[in-house]
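Raw contents of run-v9.txt, compact mmCIF, C-alpha atoms:
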```
# COMPACT_ATOMS: atom_id res chain seq x y z
CA MET A 189 -20.36 62.63 -113.97
CA PRO A 190 -22.49 63.11 -110.87
CA ALA A 191 -20.59 63.22 -107.55
CA ARG A 192 -20.79 60.10 -105.29
CA SER A 193 -22.88 60.73 -102.25
CA PRO A 194 -21.30 60.41 -98.77
CA ALA A 195 -23.57 57.44 -98.05
CA CYS A 196 -22.23 55.56 -101.07
CA SER A 197 -18.61 56.32 -100.06
CA ARG A 198 -19.21 54.92 -96.59
CA CYS A 199 -20.83 51.83 -98.15
CA ALA A 200 -17.83 51.23 -100.41
CA GLU A 201 -15.43 51.61 -97.49
CA ARG A 202 -17.43 49.07 -95.50
CA GLN A 203 -17.31 46.66 -98.44
CA ARG A 204 -13.53 47.07 -98.77
CA GLY A 205 -13.11 46.57 -95.01
CA ALA A 206 -15.25 43.44 -95.11
CA ALA A 207 -13.20 42.09 -98.00
CA VAL A 208 -9.95 42.67 -96.08
CA VAL A 209 -11.34 40.96 -92.96
CA LEU A 210 -12.61 38.05 -95.09
CA ALA A 211 -9.20 37.74 -96.71
CA LEU A 212 -7.48 37.73 -93.31
CA LEU A 213 -9.90 35.11 -92.00
CA THR A 214 -9.30 32.99 -95.10
CA VAL A 215 -5.51 33.19 -94.69
CA THR A 216 -5.78 32.41 -90.98
CA PHE A 217 -8.06 29.44 -91.64
CA ALA A 218 -5.71 28.13 -94.31
CA ALA A 219 -2.77 28.50 -91.93
CA MET A 220 -4.68 26.57 -89.26
CA LEU A 221 -5.43 23.76 -91.72
CA ALA A 222 -1.77 23.63 -92.76
CA ALA A 223 -0.63 23.52 -89.13
CA ALA A 224 -3.10 20.73 -88.37
CA ALA A 225 -1.93 18.77 -91.39
CA LEU A 226 1.70 19.17 -90.35
CA ALA A 227 0.84 18.08 -86.80
CA ASP A 228 -0.89 14.95 -88.09
CA PHE A 229 2.11 14.22 -90.30
CA GLY A 230 4.42 14.72 -87.31
CA ARG A 231 2.40 12.36 -85.17
CA GLY A 232 2.33 9.80 -87.96
CA LEU A 233 6.08 10.11 -88.42
CA GLU A 234 6.61 9.77 -84.66
CA ALA A 235 4.40 6.67 -84.62
CA VAL A 236 6.37 5.08 -87.48
CA THR A 237 9.65 6.04 -85.83
CA GLY A 238 8.43 4.72 -82.47
CA ARG A 239 7.43 1.37 -83.95
CA ARG A 240 10.75 1.08 -85.75
CA ASP A 241 12.72 1.94 -82.61
CA GLN A 242 10.63 -0.48 -80.55
CA ALA A 243 11.32 -3.30 -83.00
CA GLN A 244 15.04 -2.47 -82.95
CA SER A 245 15.25 -2.33 -79.15
CA ARG A 246 13.43 -5.66 -78.82
CA GLN A 247 15.75 -7.22 -81.37
CA LEU A 248 18.76 -5.95 -79.40
CA ALA A 249 17.30 -7.44 -76.19
CA ARG A 250 16.76 -10.84 -77.79
CA ALA A 251 20.29 -10.78 -79.22
CA ALA A 252 21.62 -10.02 -75.73
CA VAL A 253 19.84 -13.12 -74.40
CA ASP A 254 21.70 -15.24 -76.97
CA TRP A 255 24.92 -13.58 -75.84
CA ALA A 256 24.10 -14.62 -72.24
CA ARG A 257 23.50 -18.19 -73.41
CA GLN A 258 26.91 -18.19 -75.04
CA VAL A 259 28.56 -16.90 -71.85
CA LEU A 260 26.92 -19.63 -69.77
CA ALA A 261 27.76 -22.32 -72.31
CA LEU A 262 31.43 -21.32 -72.26
CA ASP A 263 31.41 -21.30 -68.46
CA MET A 264 30.05 -24.86 -68.37
CA LEU A 265 32.82 -26.03 -70.69
CA GLU A 266 35.48 -24.46 -68.47
CA SER A 267 34.22 -25.59 -65.06
CA ASN A 268 31.59 -27.78 -63.39
CA VAL A 269 31.53 -25.64 -60.24
CA ASP A 270 29.56 -22.38 -60.15
CA HIS A 271 30.17 -19.63 -57.61
CA GLY A 272 29.84 -15.88 -57.14
CA GLY A 273 33.27 -15.04 -58.52
CA GLU A 274 32.74 -16.20 -62.10
CA ASN A 275 32.58 -13.96 -65.16
CA TRP A 276 28.87 -14.53 -65.77
CA THR A 277 28.05 -12.86 -62.45
CA ILE A 278 29.41 -9.49 -63.65
CA ARG A 279 26.66 -6.97 -64.26
CA ILE A 280 26.95 -5.14 -67.59
CA PRO A 281 26.25 -1.38 -67.19
CA PRO A 282 24.48 0.60 -69.94
CA THR A 283 26.82 0.47 -72.92
CA GLN A 284 26.47 2.43 -76.17
CA LEU A 285 26.55 0.41 -79.38
CA GLY A 286 27.65 3.36 -81.49
CA GLU A 287 28.96 6.90 -81.24
CA ASP A 288 25.44 8.21 -80.63
CA ALA A 289 23.29 6.88 -77.78
CA ALA A 290 20.34 6.91 -80.19
CA ASP A 291 22.09 4.12 -82.11
CA GLY A 292 21.32 1.83 -79.20
CA THR A 293 22.43 0.92 -75.69
CA ILE A 294 22.45 -2.41 -73.89
CA ALA A 295 22.68 -3.39 -70.21
CA GLY A 296 21.95 -6.58 -68.33
CA GLU A 297 22.78 -9.22 -65.80
CA ILE A 298 22.61 -12.97 -65.30
CA ILE A 299 21.02 -13.96 -61.99
CA ASP A 300 21.58 -17.43 -60.56
CA LEU A 301 18.28 -18.99 -59.50
CA SER A 302 19.80 -22.28 -58.34
CA GLY A 303 20.82 -20.66 -55.07
CA ARG A 304 17.17 -20.23 -54.08
CA PHE A 305 14.40 -22.47 -52.79
CA ASN A 306 12.25 -23.69 -55.67
CA LEU A 307 8.57 -23.26 -54.83
CA ASN A 308 7.62 -25.92 -57.38
CA ASP A 309 9.46 -28.47 -55.24
CA LEU A 310 6.45 -28.28 -52.91
CA ALA A 311 4.58 -30.51 -55.36
CA PRO A 312 6.83 -31.88 -58.12
CA ALA A 313 4.71 -33.42 -60.89
CA GLY A 314 1.68 -32.42 -58.81
CA LEU A 315 2.60 -34.68 -55.86
CA ARG A 316 2.85 -33.03 -52.46
CA SER A 317 6.26 -33.10 -50.76
CA SER A 318 6.16 -32.72 -46.98
CA ALA A 319 9.97 -32.56 -46.85
CA ALA A 320 10.05 -29.57 -49.18
CA GLY A 321 7.26 -27.98 -47.18
CA ALA A 322 9.32 -28.37 -44.00
CA ARG A 323 12.29 -26.66 -45.66
CA LEU A 324 10.16 -23.73 -46.82
CA GLN A 325 8.60 -23.40 -43.38
CA ARG A 326 12.07 -23.21 -41.80
CA LEU A 327 13.02 -20.53 -44.33
CA MET A 328 9.92 -18.49 -43.52
CA GLU A 329 10.56 -18.71 -39.80
CA LEU A 330 14.16 -17.58 -40.32
CA LEU A 331 12.75 -14.53 -42.09
CA GLY A 332 10.59 -13.65 -39.10
CA THR A 333 7.29 -15.42 -39.84
CA SER A 334 5.53 -17.13 -36.96
CA PRO A 335 5.40 -20.96 -37.09
CA GLU A 336 1.60 -20.94 -37.41
CA SER A 337 1.57 -18.42 -40.25
CA ALA A 338 4.46 -20.18 -42.01
CA ARG A 339 2.70 -23.54 -41.80
CA ALA A 340 -0.55 -22.12 -43.18
CA SER A 341 1.28 -20.41 -46.03
CA VAL A 342 3.15 -23.58 -46.98
CA ILE A 343 -0.11 -25.56 -47.07
CA ALA A 344 -1.79 -22.90 -49.23
CA MET A 345 1.10 -22.85 -51.72
CA THR A 346 1.32 -26.63 -51.86
CA GLU A 347 -2.40 -27.05 -52.47
CA TRP A 348 -2.29 -24.38 -55.18
CA ILE A 349 0.41 -26.25 -57.11
CA ALA A 350 -0.61 -29.85 -56.37
CA THR A 351 -2.77 -31.95 -58.64
CA ALA A 352 -6.24 -32.71 -57.31
CA PRO A 353 -6.80 -36.35 -56.31
CA ARG A 354 -9.00 -38.36 -58.67
CA GLY A 355 -12.66 -37.74 -57.95
CA ASP A 356 -11.94 -34.64 -55.82
CA THR A 357 -14.23 -32.00 -57.31
CA ASP A 358 -13.80 -29.54 -54.45
CA HIS A 359 -10.10 -29.05 -55.11
CA ALA A 360 -9.27 -26.71 -58.00
CA PRO A 361 -6.14 -28.08 -59.70
CA HIS A 362 -3.43 -25.68 -60.70
CA SER A 363 -0.08 -26.23 -62.36
CA ALA A 364 3.52 -25.48 -61.53
CA LEU A 365 4.35 -21.82 -61.04
CA VAL A 366 6.04 -20.02 -63.92
CA VAL A 367 7.34 -17.14 -61.79
CA ALA A 368 7.50 -16.83 -58.02
CA ASP A 369 5.31 -13.71 -58.01
CA GLU A 370 2.32 -15.88 -58.95
CA VAL A 371 2.19 -16.69 -55.22
CA ALA A 372 0.49 -13.31 -54.80
CA SER A 373 -2.62 -14.82 -56.46
CA ILE A 374 -2.99 -17.50 -53.79
CA PRO A 375 -5.77 -16.68 -51.28
CA GLY A 376 -4.47 -16.11 -47.78
CA ILE A 377 -0.87 -15.32 -48.73
CA ASP A 378 0.37 -12.18 -47.01
CA HIS A 379 1.98 -9.78 -49.48
CA ALA A 380 4.43 -8.66 -46.81
CA LEU A 381 5.55 -12.29 -46.49
CA LEU A 382 6.01 -12.51 -50.25
CA ALA A 383 8.18 -9.39 -50.18
CA ARG A 384 10.44 -10.99 -47.55
CA LEU A 385 10.57 -14.27 -49.47
CA ARG A 386 11.26 -12.81 -52.92
CA PRO A 387 15.11 -12.74 -52.71
CA TYR A 388 15.25 -16.35 -51.46
CA VAL A 389 12.76 -18.25 -53.64
CA THR A 390 12.21 -18.98 -57.31
CA ALA A 391 9.86 -20.94 -59.56
CA VAL A 392 11.62 -23.28 -61.99
CA PRO A 393 10.82 -26.81 -63.17
CA ALA A 394 11.10 -29.30 -60.30
CA PRO A 395 13.20 -30.86 -58.95
CA ALA A 396 15.86 -28.17 -58.60
CA PRO A 397 18.87 -28.78 -56.31
CA VAL A 398 20.21 -25.79 -54.37
CA ASN A 399 23.69 -24.59 -55.30
CA VAL A 400 25.44 -24.32 -51.93
CA ASN A 401 28.06 -22.04 -53.51
CA THR A 402 25.53 -19.31 -54.29
CA ALA A 403 22.73 -19.84 -51.74
CA ALA A 404 22.13 -17.22 -49.05
CA ALA A 405 22.74 -18.16 -45.43
CA GLU A 406 18.98 -18.38 -44.82
CA VAL A 407 18.56 -20.88 -47.67
CA LEU A 408 21.50 -22.98 -46.43
CA SER A 409 20.08 -23.01 -42.91
CA SER A 410 16.69 -24.19 -44.19
CA LEU A 411 18.34 -26.82 -46.39
CA VAL A 412 20.40 -28.47 -43.64
CA PRO A 413 18.46 -29.61 -40.54
CA GLY A 414 20.20 -28.41 -37.40
CA LEU A 415 22.29 -25.75 -39.16
CA GLY A 416 21.82 -22.49 -37.28
CA ILE A 417 21.72 -19.20 -39.12
CA ASP A 418 24.91 -17.97 -37.43
CA PHE A 419 26.97 -20.94 -38.60
CA ALA A 420 25.35 -20.68 -42.05
CA ARG A 421 26.67 -17.12 -42.26
CA VAL A 422 30.12 -18.40 -41.32
CA LEU A 423 29.93 -20.89 -44.21
CA VAL A 424 28.95 -18.11 -46.60
CA ALA A 425 31.93 -16.03 -45.46
CA GLU A 426 34.29 -19.01 -45.78
CA ARG A 427 33.22 -19.84 -49.34
CA GLU A 428 34.18 -16.32 -50.40
CA ARG A 429 37.78 -17.36 -49.76
CA ALA A 430 37.47 -21.02 -50.76
CA ARG A 431 34.40 -22.18 -52.67
CA PHE A 432 32.93 -25.64 -52.09
CA ARG A 433 34.63 -27.97 -54.57
CA ASP A 434 31.89 -30.61 -54.29
CA LEU A 435 29.20 -31.79 -51.88
CA ALA A 436 31.74 -33.79 -49.88
CA ASP A 437 33.66 -30.56 -49.26
CA PHE A 438 30.46 -28.81 -48.18
CA ASN A 439 29.44 -31.64 -45.87
CA ALA A 440 32.90 -31.72 -44.31
CA ARG A 441 32.56 -28.09 -43.22
CA LEU A 442 29.18 -28.62 -41.54
CA PRO A 443 28.94 -28.85 -37.73
CA GLN A 444 28.91 -32.39 -36.38
CA ASP A 445 25.37 -32.13 -35.01
CA THR A 446 23.82 -31.44 -38.43
CA THR A 447 22.45 -33.77 -41.08
CA PRO A 448 24.07 -33.32 -44.52
CA PRO A 449 21.52 -32.71 -47.28
CA ALA A 450 20.64 -35.53 -49.65
CA ALA A 451 22.55 -35.55 -52.94
CA GLN A 452 19.39 -34.72 -54.92
CA LEU A 453 18.75 -31.61 -52.84
CA ALA A 454 22.12 -29.88 -53.09
CA SER A 455 24.78 -29.23 -55.69
CA VAL A 456 27.85 -27.08 -56.39
CA ASN A 457 26.70 -25.98 -59.83
CA SER A 458 23.80 -23.96 -61.18
CA ARG A 459 21.23 -24.97 -63.76
CA HIS A 460 18.63 -22.18 -63.91
CA PHE A 461 19.39 -18.54 -64.64
CA LEU A 462 17.30 -15.40 -65.04
CA VAL A 463 18.64 -13.02 -67.68
CA THR A 464 17.48 -9.41 -67.36
CA ILE A 465 18.18 -7.11 -70.30
CA HIS A 466 17.63 -3.37 -70.78
CA ALA A 467 17.96 -2.32 -74.43
CA SER A 468 17.26 1.03 -76.05
CA HIS A 469 17.17 2.31 -79.59
CA GLY A 470 16.13 5.83 -80.53
CA ILE A 471 13.12 6.71 -78.40
CA SER A 472 12.26 3.14 -77.37
CA VAL A 473 13.40 1.21 -74.30
CA THR A 474 12.81 -2.53 -73.81
CA ARG A 475 13.17 -4.51 -70.59
CA LEU A 476 13.24 -8.25 -71.22
CA GLU A 477 13.46 -11.19 -68.81
CA ALA A 478 14.38 -14.72 -69.90
CA LEU A 479 14.64 -18.01 -68.00
CA LEU A 480 17.47 -20.29 -69.12
CA ASP A 481 17.92 -23.96 -68.29
CA ARG A 482 21.56 -25.08 -68.57
CA GLN A 483 21.03 -28.80 -68.25
CA LYS A 484 23.05 -29.19 -71.46
CA PRO A 485 26.05 -27.13 -72.58
CA TRP A 486 23.86 -24.84 -74.71
CA PRO A 487 21.22 -23.36 -72.33
CA GLU A 488 17.60 -23.86 -73.30
CA LEU A 489 15.32 -20.83 -73.38
CA LEU A 490 12.30 -21.82 -71.27
CA TRP A 491 10.48 -18.51 -71.61
CA TYR A 492 10.97 -14.81 -72.06
CA ARG A 493 8.71 -11.90 -71.30
CA ILE A 494 8.62 -8.13 -71.59
CA PRO A 495 7.03 -7.01 -68.28
```

Would you mind writing the structure in this file as structure tokens?
Amino acid sequence: MPARSPACSRCAERQRGAAVVLALLTVTFAAMLAAAALADFGRGLEAVTGRRDQAQSRQLARAAVDWARQVLALDMLESNVDHGGENWTIRIPPTQLGEDAADGTIAGEIIDLSGRFNLNDLAPAGLRSSAAGARLQRLMELLGTSPESARASVIAMTEWIATAPRGDTDHAPHSALVVADEVASIPGIDHALLARLRPYVTAVPAPAPVNVNTAAAEVLSSLVPGLGIDFARVLVAERERARFRDLADFNARLPQDTTPPAAQLASVNSRHFLVTIHASHGISVTRLEALLDRQKPWPELLWYRIP
């Protein structure tokens, strides 16, 4: 058998080397495809898991709203006077629903909105109310707004909510506010003013009497003509020790040079509540807000949203 030439040997070695490189490239490419497939599967699994956890957390949040309704219904059966020392005012911290936090947690609070000025009272049923406008202007001035700026802001808010007169094509009619933050959409409203107002105002169906047992001193001072802010703070301190039993009790503690509020403007109980819930399940967290109207023993759910 003739001996293989050196050139042929080198050629065979190159062929074997090329085959090894090709095999390595093939294995590497296959590994890359497998890794990509596993990554896609992982992302798909995470998406399915995320959707499941989101549905579970939202269901927990909605169930917590029903729990809040039950708490408020029981409170109404036990007492017709609402104040800051009742059980419904207790804030619930994050609480695990099982041994593992991934099984779900729930937290929330019930916020009384009846202790605030209702912006929709500026134009109940679309009809402008100068008396409500005067109360809001007093509130703004107590919070440091100049009389001119306060007056202009009240007019802008009132016109935004009010119904346009028949035949008035220049006035763009709007409806009652759903949330107080809608005020930010009104042209000419200073956002710094809105930030100062936010703790003292709300937007609920009008009319909405102010609960004198839960209202801040600034709201009480704006509600009662002639009631200075200093004496309003005294009233707030006094009700911590002895709540107002009824409007007659509240009026009896007012200074003699003030005018007691009309019965339709003030109350000692609360009707509207904002429920804020934080619920988690697995990798999903849901924050839900709900507005409740407790005109009847079982509170009505007016709306809920997930901001």

Could you work out how far CA of Ile298 (chain A) lies from CA of Met328 (chain A), giving the answer in Å with one decimal?
-> 25.8 Å

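Closest approach to Leu327 (chain A) from the set A:Trp486, A:Phe432, A:Phe438, A:Tyr388 is made by A:Tyr388, with distances taken over all atoms listed in the file.
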
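For the atom pair formed by CA of Ala344 (chain A) and CA of Gly332 (chain A), the distance is 18.5 Å, given to one decimal.
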
Polymer residues at most 9 Å from (22.2, -26.7, -69.1) by all atoms listed in the file, as a PDB file with C-alpha atoms, in the coordinates of the input:
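What landed in result35.pdb:
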```
ATOM      1  CA  LEU A 260      26.920 -19.630 -69.770  1.00  0.00           C
ATOM      2  CA  ALA A 261      27.760 -22.320 -72.310  1.00  0.00           C
ATOM      3  CA  MET A 264      30.050 -24.860 -68.370  1.00  0.00           C
ATOM      4  CA  SER A 458      23.800 -23.960 -61.180  1.00  0.00           C
ATOM      5  CA  ARG A 459      21.230 -24.970 -63.760  1.00  0.00           C
ATOM      6  CA  HIS A 460      18.630 -22.180 -63.910  1.00  0.00           C
ATOM      7  CA  LEU A 480      17.470 -20.290 -69.120  1.00  0.00           C
ATOM      8  CA  ASP A 481      17.920 -23.960 -68.290  1.00  0.00           C
ATOM      9  CA  ARG A 482      21.560 -25.080 -68.570  1.00  0.00           C
ATOM     10  CA  GLN A 483      21.030 -28.800 -68.250  1.00  0.00           C
ATOM     11  CA  LYS A 484      23.050 -29.190 -71.460  1.00  0.00           C
ATOM     12  CA  PRO A 485      26.050 -27.130 -72.580  1.00  0.00           C
ATOM     13  CA  TRP A 486      23.860 -24.840 -74.710  1.00  0.00           C
ATOM     14  CA  PRO A 487      21.220 -23.360 -72.330  1.00  0.00           C
ATOM     15  CA  GLU A 488      17.600 -23.860 -73.300  1.00  0.00           C
TER      16      GLU A 488
END
```

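Of the listed residues A:Leu330, A:Leu365, A:Ala319, A:Ala340, the one whose atoms come nearest to Ala420 (chain A) is A:Leu330, with distances taken using only C-alpha atoms.
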
Skip Arg429 (chain A) itself and residues of its chain fewer than 3 positions away, then list as JSON, numbers by chain all residues within 12 Å of it, counting only C-alpha atoms.
-> {"A": [271, 272, 273, 401, 422, 423, 424, 425, 426, 432]}
